[in-house]
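Below: the structure, in structure tokens.
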Amino acid sequence: MRKNVLIVGAGGVGHVVAHKCAMNNNVLGDICIASRTQQKCDAIIESIRRKNHLKDETKKLYSRKVDAMNIPSLVQLIKDTQSEIVINVGQAYVNMSVLEACIETGAVYMDTAIHEEPDKVCENPPWYANYEWKRRERCAEKGVTAILGIGFDPGVVNAWCALAQQDYFDHIDTIDILDVNAGSHGKFFATNFDPEINFREFRKVWTWIDRKWVLQKVHSIKMDYDFPVVGNCPVYLTGHDELHSLSKNMDAHSIRFWMGFSEHYINVFTVLTKLGLTSEKPVKVTEGVEIAPLKVLKALLPDPSSLAPGYVGKTCIGNFIRGTKDNKKREIFIYNICDHAECYQEVESQAISYTAGVPPVAAAILVARGEWDVKQMVNVEELNPQPFIKLLTSMGLPTEVLENPVTFEPPVIESLESV
Ligand SMILES: NC(=O)c1ccc[n+]([C@@H]2O[C@H](COP(=O)([O-])OP(=O)(O)OC[C@H]3O[C@@H](n4cnc5c(N)ncnc54)[C@H](OP(=O)(O)O)[C@@H]3O)[C@@H](O)[C@H]2O)c1
């Protein structure tokens, strides 16, 4: 039985993680929220109190200030707070320092995004091999449970792949992960999570096709899909974290990721990129002063968590999976629908943060109970998906499965470069 949770990062996702931990503190124990800016942690605690979400009032809920790039400070914080589970929802730059602190203290580690270095974008596949997987043996030697990418995508979509392999198919041919936000925040332009990390995703498109890595240009391949509930939406072939582990762990010919963008989003993004404003490379603005344009853009755009109060509409994230079962062709769409306004009503958050923040708490509960305390480093598809999917349903993220859905048939995708 593991107990006491340290949440690193007090952004939009950290907000949801903290609410859901508080709602399950009878299992999880004391909760500490730590971030670079302590006031942000305290604002989350106020929101939890406002919603009366602290289930067991005898357990502690408190904040700390920490620089998550500093391993000794993190080690001290884990010891001081007696945290046996660390949920890292800070910016992806801090992943390896938080993981190192967990390896040193023996605490369970979880994150929701692949590690990033500030000066590198869209690293060559499989990206996990450059950072996380280099620490796999040390986790196994020390019996440290490290669950990588346990948000929604990556995260729940990986568990659906494992479920498809377990229950729905003898052989999987293709997996297409489709992520669409059919909601509206009413602003001229905003990203739904950290703009800096969001824009860095759209530099290169790495995809797993016919068991090879294929490189394509950003936003160059577009499809329309008639989604359940939210209807017809355009989606674009996009590189994404989960492909870097699913390509290793799933026996499938092709695994692709598609993200929905409106025409307006593509236009604004294209202008910003053409002007150089999405670049992470510093430019000289005056004598002796250099700044990365992307940092300026992040400072100017709305804070994603500020979008929550007025957000309306729904998200649909799903896996279209094609293969065979009992020698017959089978197609399924396994998906979740999440409503922005309902998320706000429940935890004062929008659906993107909600879908990313609930899964790590479900995982923490499974680890606390021992079901997922695997004492090694894993990606989500390597774990038993059943208890996770069941728990998510009771925590606000139900899974639906459609047999014979509207078919999804992408064109042949040629590579600009082979690996
Ligand atoms: N898998 C999924 O489905 C999914 C979906 C969305 C997001 N994500 C991931 O979830 C994570 C959080 O996203 P978000 O939208 O919540 O981002 P966010 O709003 O930008 O929050 C990030 C938090 O990290 C903190 N932070 C950054 N550097 C730090 C440091 N050195 N020390 C301590 N704290 C630090 C920031 O603190 P300050 O505010 O004080 O600067 C901020 O509170 C990201 O890694 C994102 O990629 C995953």
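Labels used: A, B, ... for chains in the order of the structure tokens, numbers from 1 for residues in each chain, and numbers from 1 for ligands as shown.
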
> Which residues come within 7 Å of range 289-294 of chain A, counting only C-alpha atoms, excluding same-chain residues fewer than 3 positions away, as a list of chain:residue names?
Replying inline: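 Counting only C-alpha atoms, the residues come to A:Glu196, A:Leu277, A:Thr278, A:Ser279, A:Glu280, A:Lys281, A:Pro282, A:Val283, A:Lys284, A:Val285, A:Thr286, A:Leu297, A:Lys298.
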
> Within 9 Å of range 229-243 of chain A, counting only C-alpha atoms, which residues qualify if same-chain residues fewer than 4 places away don't, as a VMD selection string?
Replying inline: chain A and resid 113 to 114 122 125 to 128 149 153 to 155 157 to 158 178 to 182 201 to 208 215 to 225 247 to 248 255 to 263 313 to 316 337 379

For those residues, write C-alpha atoms to a file as an mmCIF file, in the first residue's frame.
```cif
data_model
loop_
_atom_site.group_PDB
_atom_site.id
_atom_site.type_symbol
_atom_site.label_atom_id
_atom_site.label_comp_id
_atom_site.auth_asym_id
_atom_site.auth_seq_id
_atom_site.Cartn_x
_atom_site.Cartn_y
_atom_site.Cartn_z
ATOM 1 C CA ALA A 113 4.359 13.833 -21.609
ATOM 2 C CA ILE A 114 7.650 12.723 -23.152
ATOM 3 C CA CYS A 122 10.532 16.678 -32.265
ATOM 4 C CA PRO A 125 12.269 8.158 -33.025
ATOM 5 C CA PRO A 126 11.940 6.363 -30.771
ATOM 6 C CA TRP A 127 12.223 9.521 -28.665
ATOM 7 C CA TYR A 128 11.746 7.655 -25.344
ATOM 8 C CA GLY A 149 2.811 9.131 -20.373
ATOM 9 C CA ASP A 153 -2.960 10.969 -25.206
ATOM 10 C CA PRO A 154 -0.457 9.620 -24.359
ATOM 11 C CA GLY A 155 -2.135 7.560 -21.657
ATOM 12 C CA VAL A 157 -5.218 5.828 -25.805
ATOM 13 C CA ASN A 158 -2.274 3.486 -25.027
ATOM 14 C CA LEU A 178 -7.940 10.765 -33.498
ATOM 15 C CA ASP A 179 -8.077 13.739 -31.147
ATOM 16 C CA VAL A 180 -10.585 16.493 -31.751
ATOM 17 C CA ASN A 181 -11.697 19.408 -29.627
ATOM 18 C CA ALA A 182 -15.072 20.539 -30.940
ATOM 19 C CA GLU A 201 4.799 19.509 -31.326
ATOM 20 C CA PHE A 202 4.151 21.014 -34.759
ATOM 21 C CA ARG A 203 7.625 21.065 -36.242
ATOM 22 C CA LYS A 204 7.982 17.556 -37.705
ATOM 23 C CA VAL A 205 5.560 14.673 -38.211
ATOM 24 C CA TRP A 206 6.993 11.263 -37.347
ATOM 25 C CA THR A 207 4.569 8.391 -38.048
ATOM 26 C CA TRP A 208 4.817 4.570 -37.874
ATOM 27 C CA LEU A 215 8.658 11.721 -41.879
ATOM 28 C CA GLN A 216 6.089 14.162 -43.226
ATOM 29 C CA LYS A 217 5.514 17.919 -43.249
ATOM 30 C CA VAL A 218 3.335 19.500 -40.547
ATOM 31 C CA HIS A 219 -0.357 19.928 -41.446
ATOM 32 C CA SER A 220 0.263 18.504 -44.931
ATOM 33 C CA ILE A 221 -2.119 15.510 -44.730
ATOM 34 C CA LYS A 222 -5.729 16.249 -43.883
ATOM 35 C CA MET A 223 -8.719 13.908 -43.476
ATOM 36 C CA ASP A 224 -12.325 14.463 -42.494
ATOM 37 C CA TYR A 225 -13.943 12.110 -40.005
ATOM 38 C CA SER A 247 5.632 1.292 -32.289
ATOM 39 C CA LYS A 248 7.783 -0.895 -29.979
ATOM 40 C CA ILE A 255 0.103 3.539 -36.013
ATOM 41 C CA ARG A 256 -0.782 7.148 -36.792
ATOM 42 C CA PHE A 257 -1.922 10.172 -34.784
ATOM 43 C CA TRP A 258 -4.371 12.769 -36.090
ATOM 44 C CA MET A 259 -5.260 16.058 -34.418
ATOM 45 C CA GLY A 260 -8.235 18.276 -35.200
ATOM 46 C CA PHE A 261 -7.629 21.930 -36.114
ATOM 47 C CA SER A 262 -10.023 24.550 -37.408
ATOM 48 C CA GLU A 263 -9.142 26.503 -40.541
ATOM 49 C CA GLY A 313 -18.715 22.078 -26.400
ATOM 50 C CA LYS A 314 -17.087 18.672 -26.250
ATOM 51 C CA THR A 315 -13.894 16.796 -27.017
ATOM 52 C CA CYS A 316 -13.765 13.387 -28.682
ATOM 53 C CA ILE A 337 -16.513 12.231 -25.030
ATOM 54 C CA ASN A 379 4.655 2.704 -20.872
#
```

Selection: 9 Å around Phe388 in chain A, only C-alpha atoms, excl. self and same-chain fewer than 2 positions, as a JSON list (two decimals) with N, CA and C atoms, in the first residue's frame:
```
[["chain", "number", "residue", "atom", "x", "y", "z"],
["A", 156, "VAL", "N", -4.50, 7.15, -21.86],
["A", 156, "VAL", "CA", -5.70, 6.31, -22.04],
["A", 156, "VAL", "C", -5.68, 5.66, -23.43],
["A", 159, "ALA", "N", -3.74, 2.57, -23.30],
["A", 159, "ALA", "CA", -4.46, 1.49, -22.60],
["A", 159, "ALA", "C", -5.51, 0.89, -23.53],
["A", 359, "PRO", "N", -6.53, 10.67, -15.59],
["A", 359, "PRO", "CA", -5.84, 9.37, -15.69],
["A", 359, "PRO", "C", -4.67, 9.16, -14.71],
["A", 362, "ALA", "N", -6.16, 8.09, -11.45],
["A", 362, "ALA", "CA", -6.64, 6.70, -11.50],
["A", 362, "ALA", "C", -5.44, 5.76, -11.36],
["A", 363, "ALA", "N", -4.36, 6.08, -12.06],
["A", 363, "ALA", "CA", -3.15, 5.24, -11.98],
["A", 363, "ALA", "C", -2.58, 5.24, -10.57],
["A", 366, "LEU", "N", -4.48, 2.90, -8.46],
["A", 366, "LEU", "CA", -4.12, 1.50, -8.75],
["A", 366, "LEU", "C", -2.76, 1.15, -8.17],
["A", 384, "ASN", "N", -1.91, -3.89, -17.39],
["A", 384, "ASN", "CA", -3.26, -4.45, -17.59],
["A", 384, "ASN", "C", -4.26, -3.29, -17.69],
["A", 385, "PRO", "N", -4.93, -3.14, -18.84],
["A", 385, "PRO", "CA", -5.80, -1.96, -19.02],
["A", 385, "PRO", "C", -7.13, -2.05, -18.26],
["A", 386, "GLN", "N", -7.56, -3.28, -17.92],
["A", 386, "GLN", "CA", -8.94, -3.45, -17.41],
["A", 386, "GLN", "C", -9.26, -2.62, -16.17],
["A", 390, "LYS", "N", -11.88, 0.70, -16.08],
["A", 390, "LYS", "CA", -13.04, 0.63, -15.19],
["A", 390, "LYS", "C", -13.05, 1.81, -14.20],
["A", 391, "LEU", "N", -11.89, 2.07, -13.65],
["A", 391, "LEU", "CA", -11.78, 3.16, -12.66],
["A", 391, "LEU", "C", -12.04, 4.52, -13.31],
["A", 392, "LEU", "N", -11.51, 4.71, -14.53],
["A", 392, "LEU", "CA", -11.72, 5.99, -15.23],
["A", 392, "LEU", "C", -13.21, 6.26, -15.45],
["A", 393, "THR", "N", -13.96, 5.19, -15.74],
["A", 393, "THR", "CA", -15.40, 5.35, -15.97],
["A", 393, "THR", "C", -16.06, 5.93, -14.72]]
```

Give me the chain A side of the contact with ligand 1, cut-off 8 Å, one line per residue showing its nearest atom pair and distance in Å at one decimal, counting only C-alpha atoms and all ligand atoms, sorted by chain and residue number, as a tab-separated table.
```
residue	atom	partner	partner_atom_place_in_ligand_line	distance
A:Val8	CA	ligand 1	34 (N)	6.3
A:Gly9	CA	ligand 1	24 (O)	3.9
A:Ala10	CA	ligand 1	43 (O)	3.6
A:Gly11	CA	ligand 1	21 (O)	3.2
A:Gly12	CA	ligand 1	16 (O)	3.8
A:Val13	CA	ligand 1	16 (O)	3.8
A:Gly14	CA	ligand 1	16 (O)	5.5
A:His15	CA	ligand 1	16 (O)	7.5
A:Ala34	CA	ligand 1	33 (C)	7.0
A:Ser35	CA	ligand 1	34 (N)	3.9
A:Arg36	CA	ligand 1	33 (C)	3.9
A:Thr37	CA	ligand 1	40 (O)	3.7
A:Gln38	CA	ligand 1	40 (O)	7.0
A:Lys40	CA	ligand 1	39 (O)	6.7
A:Cys41	CA	ligand 1	43 (O)	7.9
A:Lys65	CA	ligand 1	33 (C)	7.5
A:Val66	CA	ligand 1	33 (C)	5.3
A:Asp67	CA	ligand 1	32 (N)	3.7
A:Ala68	CA	ligand 1	32 (N)	3.7
A:Met69	CA	ligand 1	31 (N)	4.8
A:Asn70	CA	ligand 1	31 (N)	7.7
A:Asn88	CA	ligand 1	11 (C)	7.6
A:Val89	CA	ligand 1	11 (C)	4.3
A:Gly90	CA	ligand 1	24 (O)	3.2
A:Gln91	CA	ligand 1	45 (O)	4.3
A:Ala92	CA	ligand 1	45 (O)	4.2
A:Tyr93	CA	ligand 1	28 (N)	7.1
A:Val94	CA	ligand 1	31 (N)	6.0
A:Asp111	CA	ligand 1	45 (O)	7.4
A:Thr112	CA	ligand 1	1 (N)	4.4
A:Ala113	CA	ligand 1	45 (O)	4.9
A:Ile114	CA	ligand 1	45 (O)	7.6
A:Gly149	CA	ligand 1	1 (N)	5.9
A:Ile150	CA	ligand 1	1 (N)	6.2
A:Gly151	CA	ligand 1	1 (N)	3.6
A:Phe152	CA	ligand 1	3 (O)	3.7
A:Asp153	CA	ligand 1	3 (O)	4.1
A:Pro154	CA	ligand 1	1 (N)	4.4
A:Gly155	CA	ligand 1	1 (N)	5.9
A:Asn192	CA	ligand 1	15 (O)	7.2
A:Phe193	CA	ligand 1	15 (O)	3.9
A:Asp194	CA	ligand 1	20 (O)	4.3
A:Pro195	CA	ligand 1	20 (O)	7.7
A:Ile197	CA	ligand 1	47 (O)	6.0
A:Asn198	CA	ligand 1	47 (O)	7.3
A:Asp303	CA	ligand 1	19 (O)	7.3
A:Pro304	CA	ligand 1	19 (O)	6.5
A:Ser305	CA	ligand 1	19 (O)	6.6
A:Ile352	CA	ligand 1	6 (C)	6.3
A:Ser353	CA	ligand 1	6 (C)	5.9
A:Thr355	CA	ligand 1	3 (O)	6.4
A:Ala356	CA	ligand 1	3 (O)	4.1
A:Gly357	CA	ligand 1	4 (C)	7.7
```

Residues of the last selection are to be written out with N, CA and C atoms, as a compact mmCIF listing (two decimals), in the first residue's frame.
```txt
# COMPACT_ATOMS: atom_id res chain seq x y z
N VAL A 8 3.80 17.62 -8.81
CA VAL A 8 4.76 18.63 -9.26
C VAL A 8 4.16 19.37 -10.44
N GLY A 9 3.96 20.69 -10.30
CA GLY A 9 3.37 21.51 -11.37
C GLY A 9 1.96 21.93 -11.01
N ALA A 10 1.73 23.24 -11.03
CA ALA A 10 0.42 23.77 -10.65
C ALA A 10 -0.23 24.49 -11.82
N GLY A 11 -0.18 23.85 -13.00
CA GLY A 11 -0.84 24.42 -14.18
C GLY A 11 -2.24 23.84 -14.32
N GLY A 12 -2.77 23.89 -15.56
CA GLY A 12 -4.12 23.41 -15.82
C GLY A 12 -4.28 21.94 -15.46
N VAL A 13 -3.31 21.10 -15.82
CA VAL A 13 -3.43 19.67 -15.54
C VAL A 13 -3.24 19.41 -14.04
N GLY A 14 -2.28 20.10 -13.43
CA GLY A 14 -2.04 19.96 -12.00
C GLY A 14 -3.30 20.28 -11.19
N HIS A 15 -4.07 21.26 -11.67
CA HIS A 15 -5.32 21.65 -11.02
C HIS A 15 -6.28 20.46 -10.92
N ALA A 34 3.35 21.12 -5.37
CA ALA A 34 4.58 21.92 -5.40
C ALA A 34 4.84 22.43 -6.81
N SER A 35 5.21 23.71 -6.91
CA SER A 35 5.50 24.28 -8.22
C SER A 35 6.48 25.44 -8.04
N ARG A 36 6.85 26.03 -9.19
CA ARG A 36 7.79 27.15 -9.16
C ARG A 36 7.12 28.34 -8.47
N THR A 37 5.82 28.53 -8.72
CA THR A 37 5.08 29.66 -8.13
C THR A 37 4.10 29.11 -7.10
N GLN A 38 4.40 29.36 -5.82
CA GLN A 38 3.58 28.73 -4.77
C GLN A 38 2.14 29.25 -4.76
N LYS A 40 0.23 29.73 -7.18
CA LYS A 40 -0.61 28.92 -8.09
C LYS A 40 -1.07 27.65 -7.38
N CYS A 41 -0.21 27.09 -6.53
CA CYS A 41 -0.59 25.88 -5.76
C CYS A 41 -1.70 26.27 -4.78
N LYS A 65 7.01 25.43 -2.49
CA LYS A 65 7.67 26.01 -3.66
C LYS A 65 8.84 25.09 -4.00
N VAL A 66 9.04 24.77 -5.29
CA VAL A 66 10.19 23.94 -5.66
C VAL A 66 10.66 24.29 -7.06
N ASP A 67 11.97 24.19 -7.27
CA ASP A 67 12.49 24.23 -8.62
C ASP A 67 12.70 22.79 -9.05
N ALA A 68 11.83 22.31 -9.92
CA ALA A 68 11.85 20.89 -10.29
C ALA A 68 13.01 20.52 -11.20
N MET A 69 13.87 21.48 -11.53
CA MET A 69 15.10 21.15 -12.27
C MET A 69 16.20 20.76 -11.30
N ASN A 70 15.95 21.00 -10.01
CA ASN A 70 16.99 20.81 -8.99
C ASN A 70 16.76 19.48 -8.25
N ASN A 88 4.10 13.89 -11.79
CA ASN A 88 4.79 15.02 -12.40
C ASN A 88 3.95 15.59 -13.53
N VAL A 89 3.38 16.77 -13.29
CA VAL A 89 2.64 17.47 -14.35
C VAL A 89 3.21 18.89 -14.53
N GLY A 90 4.52 18.97 -14.35
CA GLY A 90 5.24 20.21 -14.66
C GLY A 90 5.51 20.24 -16.15
N GLN A 91 6.21 21.30 -16.60
CA GLN A 91 6.58 21.35 -18.02
C GLN A 91 7.48 20.15 -18.33
N ALA A 92 7.44 19.66 -19.55
CA ALA A 92 8.15 18.42 -19.89
C ALA A 92 9.68 18.52 -19.72
N TYR A 93 10.21 19.74 -19.56
CA TYR A 93 11.67 19.90 -19.36
C TYR A 93 12.11 19.31 -18.03
N VAL A 94 11.20 19.20 -17.06
CA VAL A 94 11.59 18.78 -15.71
C VAL A 94 11.53 17.25 -15.54
N ASP A 111 4.38 10.57 -15.27
CA ASP A 111 4.28 11.83 -16.02
C ASP A 111 3.22 11.69 -17.10
N THR A 112 2.98 12.78 -17.84
CA THR A 112 1.94 12.72 -18.87
C THR A 112 2.47 13.17 -20.24
N ALA A 113 3.79 13.39 -20.33
CA ALA A 113 4.36 13.83 -21.61
C ALA A 113 5.78 13.32 -21.72
N ILE A 114 6.27 13.18 -22.92
CA ILE A 114 7.65 12.72 -23.15
C ILE A 114 8.63 13.83 -22.72
N GLY A 149 3.89 8.68 -19.48
CA GLY A 149 2.81 9.13 -20.37
C GLY A 149 1.43 8.68 -19.97
N ILE A 150 1.05 8.91 -18.70
CA ILE A 150 -0.26 8.48 -18.22
C ILE A 150 -1.27 9.64 -18.14
N GLY A 151 -1.36 10.39 -19.27
CA GLY A 151 -2.44 11.39 -19.41
C GLY A 151 -3.54 10.76 -20.25
N PHE A 152 -4.12 11.55 -21.19
CA PHE A 152 -5.11 10.92 -22.08
C PHE A 152 -4.44 10.45 -23.36
N ASP A 153 -3.73 11.40 -24.04
CA ASP A 153 -2.96 10.97 -25.21
C ASP A 153 -1.62 11.69 -25.20
N PRO A 154 -0.55 11.03 -24.73
CA PRO A 154 -0.46 9.62 -24.36
C PRO A 154 -1.18 9.31 -23.05
N GLY A 155 -1.54 8.02 -22.91
CA GLY A 155 -2.14 7.56 -21.66
C GLY A 155 -3.28 6.61 -21.93
N ASN A 192 -4.88 25.00 -25.88
CA ASN A 192 -5.60 24.38 -24.76
C ASN A 192 -4.68 23.92 -23.65
N PHE A 193 -3.38 23.78 -23.96
CA PHE A 193 -2.41 23.57 -22.89
C PHE A 193 -1.18 24.38 -23.23
N ASP A 194 -0.20 24.35 -22.36
CA ASP A 194 1.00 25.18 -22.48
C ASP A 194 1.36 25.47 -23.95
N PRO A 195 1.23 26.75 -24.41
CA PRO A 195 1.49 27.06 -25.82
C PRO A 195 2.91 26.69 -26.26
N ILE A 197 4.87 24.17 -25.24
CA ILE A 197 4.97 22.73 -25.52
C ILE A 197 4.08 22.38 -26.72
N ASN A 198 2.90 22.99 -26.78
CA ASN A 198 1.96 22.73 -27.86
C ASN A 198 2.58 23.04 -29.23
N ASP A 303 -3.60 32.29 -20.79
CA ASP A 303 -3.22 31.14 -19.98
C ASP A 303 -4.30 30.07 -20.19
N PRO A 304 -3.91 28.85 -20.62
CA PRO A 304 -4.92 27.84 -20.93
C PRO A 304 -5.93 27.62 -19.81
N SER A 305 -5.49 27.72 -18.54
CA SER A 305 -6.46 27.46 -17.47
C SER A 305 -7.50 28.60 -17.35
N ILE A 352 -9.67 19.73 -21.75
CA ILE A 352 -8.33 19.25 -22.15
C ILE A 352 -7.51 18.94 -20.89
N SER A 353 -7.57 19.87 -19.91
CA SER A 353 -6.87 19.62 -18.65
C SER A 353 -7.50 18.44 -17.92
N THR A 355 -9.20 15.77 -19.18
CA THR A 355 -8.88 14.45 -19.77
C THR A 355 -7.43 14.07 -19.48
N ALA A 356 -6.53 15.07 -19.36
CA ALA A 356 -5.12 14.76 -19.05
C ALA A 356 -4.89 14.52 -17.56
N GLY A 357 -5.73 15.14 -16.71
CA GLY A 357 -5.45 15.11 -15.27
C GLY A 357 -6.10 13.97 -14.51
```

> If you run DSSP on the backbone, which residues of range 5-142 of chain A are helix (DSSP H, G or I), as an MDAnalysis selection string?
Replying inline: chainID A and resid 12:23 25:28 38:50 71:81 92:105 127:130 132:142

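Residue nearest Gly323 in chain A within the list A:Ala162, A:Ile175, A:Ile389, A:Met377: A:Ile175 [criterion: smallest interatomic distance, only C-alpha atoms].
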
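Taking CA of Pro118 in chain A and CA of Glu100 in chain A as endpoints, the distance between them is 18.2 Å.
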
>> Write out as a PyMOL selection string the set of residues from range 292-353 of chain A that DSSP, computed on the backbone, places in strand (DSSP E).
In response: chain A and resi 314-325+328-339

Kindly save the residues from that selection, with C-alpha atoms included, as a PDB file, in the first residue's frame.
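Generated output (again-v4.pdb):
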```
ATOM      1  CA  LYS A 314     -17.087  18.672 -26.250  1.00  0.00           C
ATOM      2  CA  THR A 315     -13.894  16.796 -27.017  1.00  0.00           C
ATOM      3  CA  CYS A 316     -13.765  13.387 -28.682  1.00  0.00           C
ATOM      4  CA  ILE A 317     -10.586  11.337 -28.503  1.00  0.00           C
ATOM      5  CA  GLY A 318     -10.638   7.832 -29.918  1.00  0.00           C
ATOM      6  CA  ASN A 319      -8.702   4.991 -31.524  1.00  0.00           C
ATOM      7  CA  PHE A 320      -9.922   3.694 -34.875  1.00  0.00           C
ATOM      8  CA  ILE A 321      -8.529   0.153 -34.934  1.00  0.00           C
ATOM      9  CA  ARG A 322      -8.625  -2.272 -37.841  1.00  0.00           C
ATOM     10  CA  GLY A 323      -7.633  -5.947 -37.744  1.00  0.00           C
ATOM     11  CA  THR A 324      -8.990  -9.469 -37.592  1.00  0.00           C
ATOM     12  CA  LYS A 325     -10.772 -11.586 -34.996  1.00  0.00           C
ATOM     13  CA  LYS A 328     -12.937 -12.130 -39.799  1.00  0.00           C
ATOM     14  CA  LYS A 329     -12.174  -8.458 -40.507  1.00  0.00           C
ATOM     15  CA  ARG A 330     -13.055  -6.156 -37.629  1.00  0.00           C
ATOM     16  CA  GLU A 331     -13.112  -2.367 -37.183  1.00  0.00           C
ATOM     17  CA  ILE A 332     -13.808  -0.579 -33.920  1.00  0.00           C
ATOM     18  CA  PHE A 333     -13.729   2.997 -32.667  1.00  0.00           C
ATOM     19  CA  ILE A 334     -12.953   3.130 -28.958  1.00  0.00           C
ATOM     20  CA  TYR A 335     -13.441   6.631 -27.589  1.00  0.00           C
ATOM     21  CA  ASN A 336     -14.361   9.108 -24.896  1.00  0.00           C
ATOM     22  CA  ILE A 337     -16.513  12.231 -25.030  1.00  0.00           C
ATOM     23  CA  CYS A 338     -15.770  14.981 -22.533  1.00  0.00           C
ATOM     24  CA  ASP A 339     -17.822  18.153 -22.026  1.00  0.00           C
TER      25      ASP A 339
END
```

> What is the distance between CA of Asp119 in chain A and CA of Ala299 in chain A, in Å to one decimal?
Replying inline: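 Computing it gives 18.6 Å between the two atoms.
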
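The shortest atom-to-atom distance to Ala190 in chain A, with only C-alpha atoms taken into account, belongs to A:His264 out of A:His171, A:Arg136, A:His264, A:Arg211.
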
> How far is it from CA of Thr399 in chain A to CA of Ile172 in chain A, in Å with one decimal?
Replying inline: 19.6 Å

>> Here is a test: counting only C-alpha atoms, which residue of A:Asp167, A:Glu84, A:Asp56, A:Glu400 is nearest to Tyr109 in chain A?
In response: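 Distance minimum relative to Tyr109 in chain A lands on A:Glu84.
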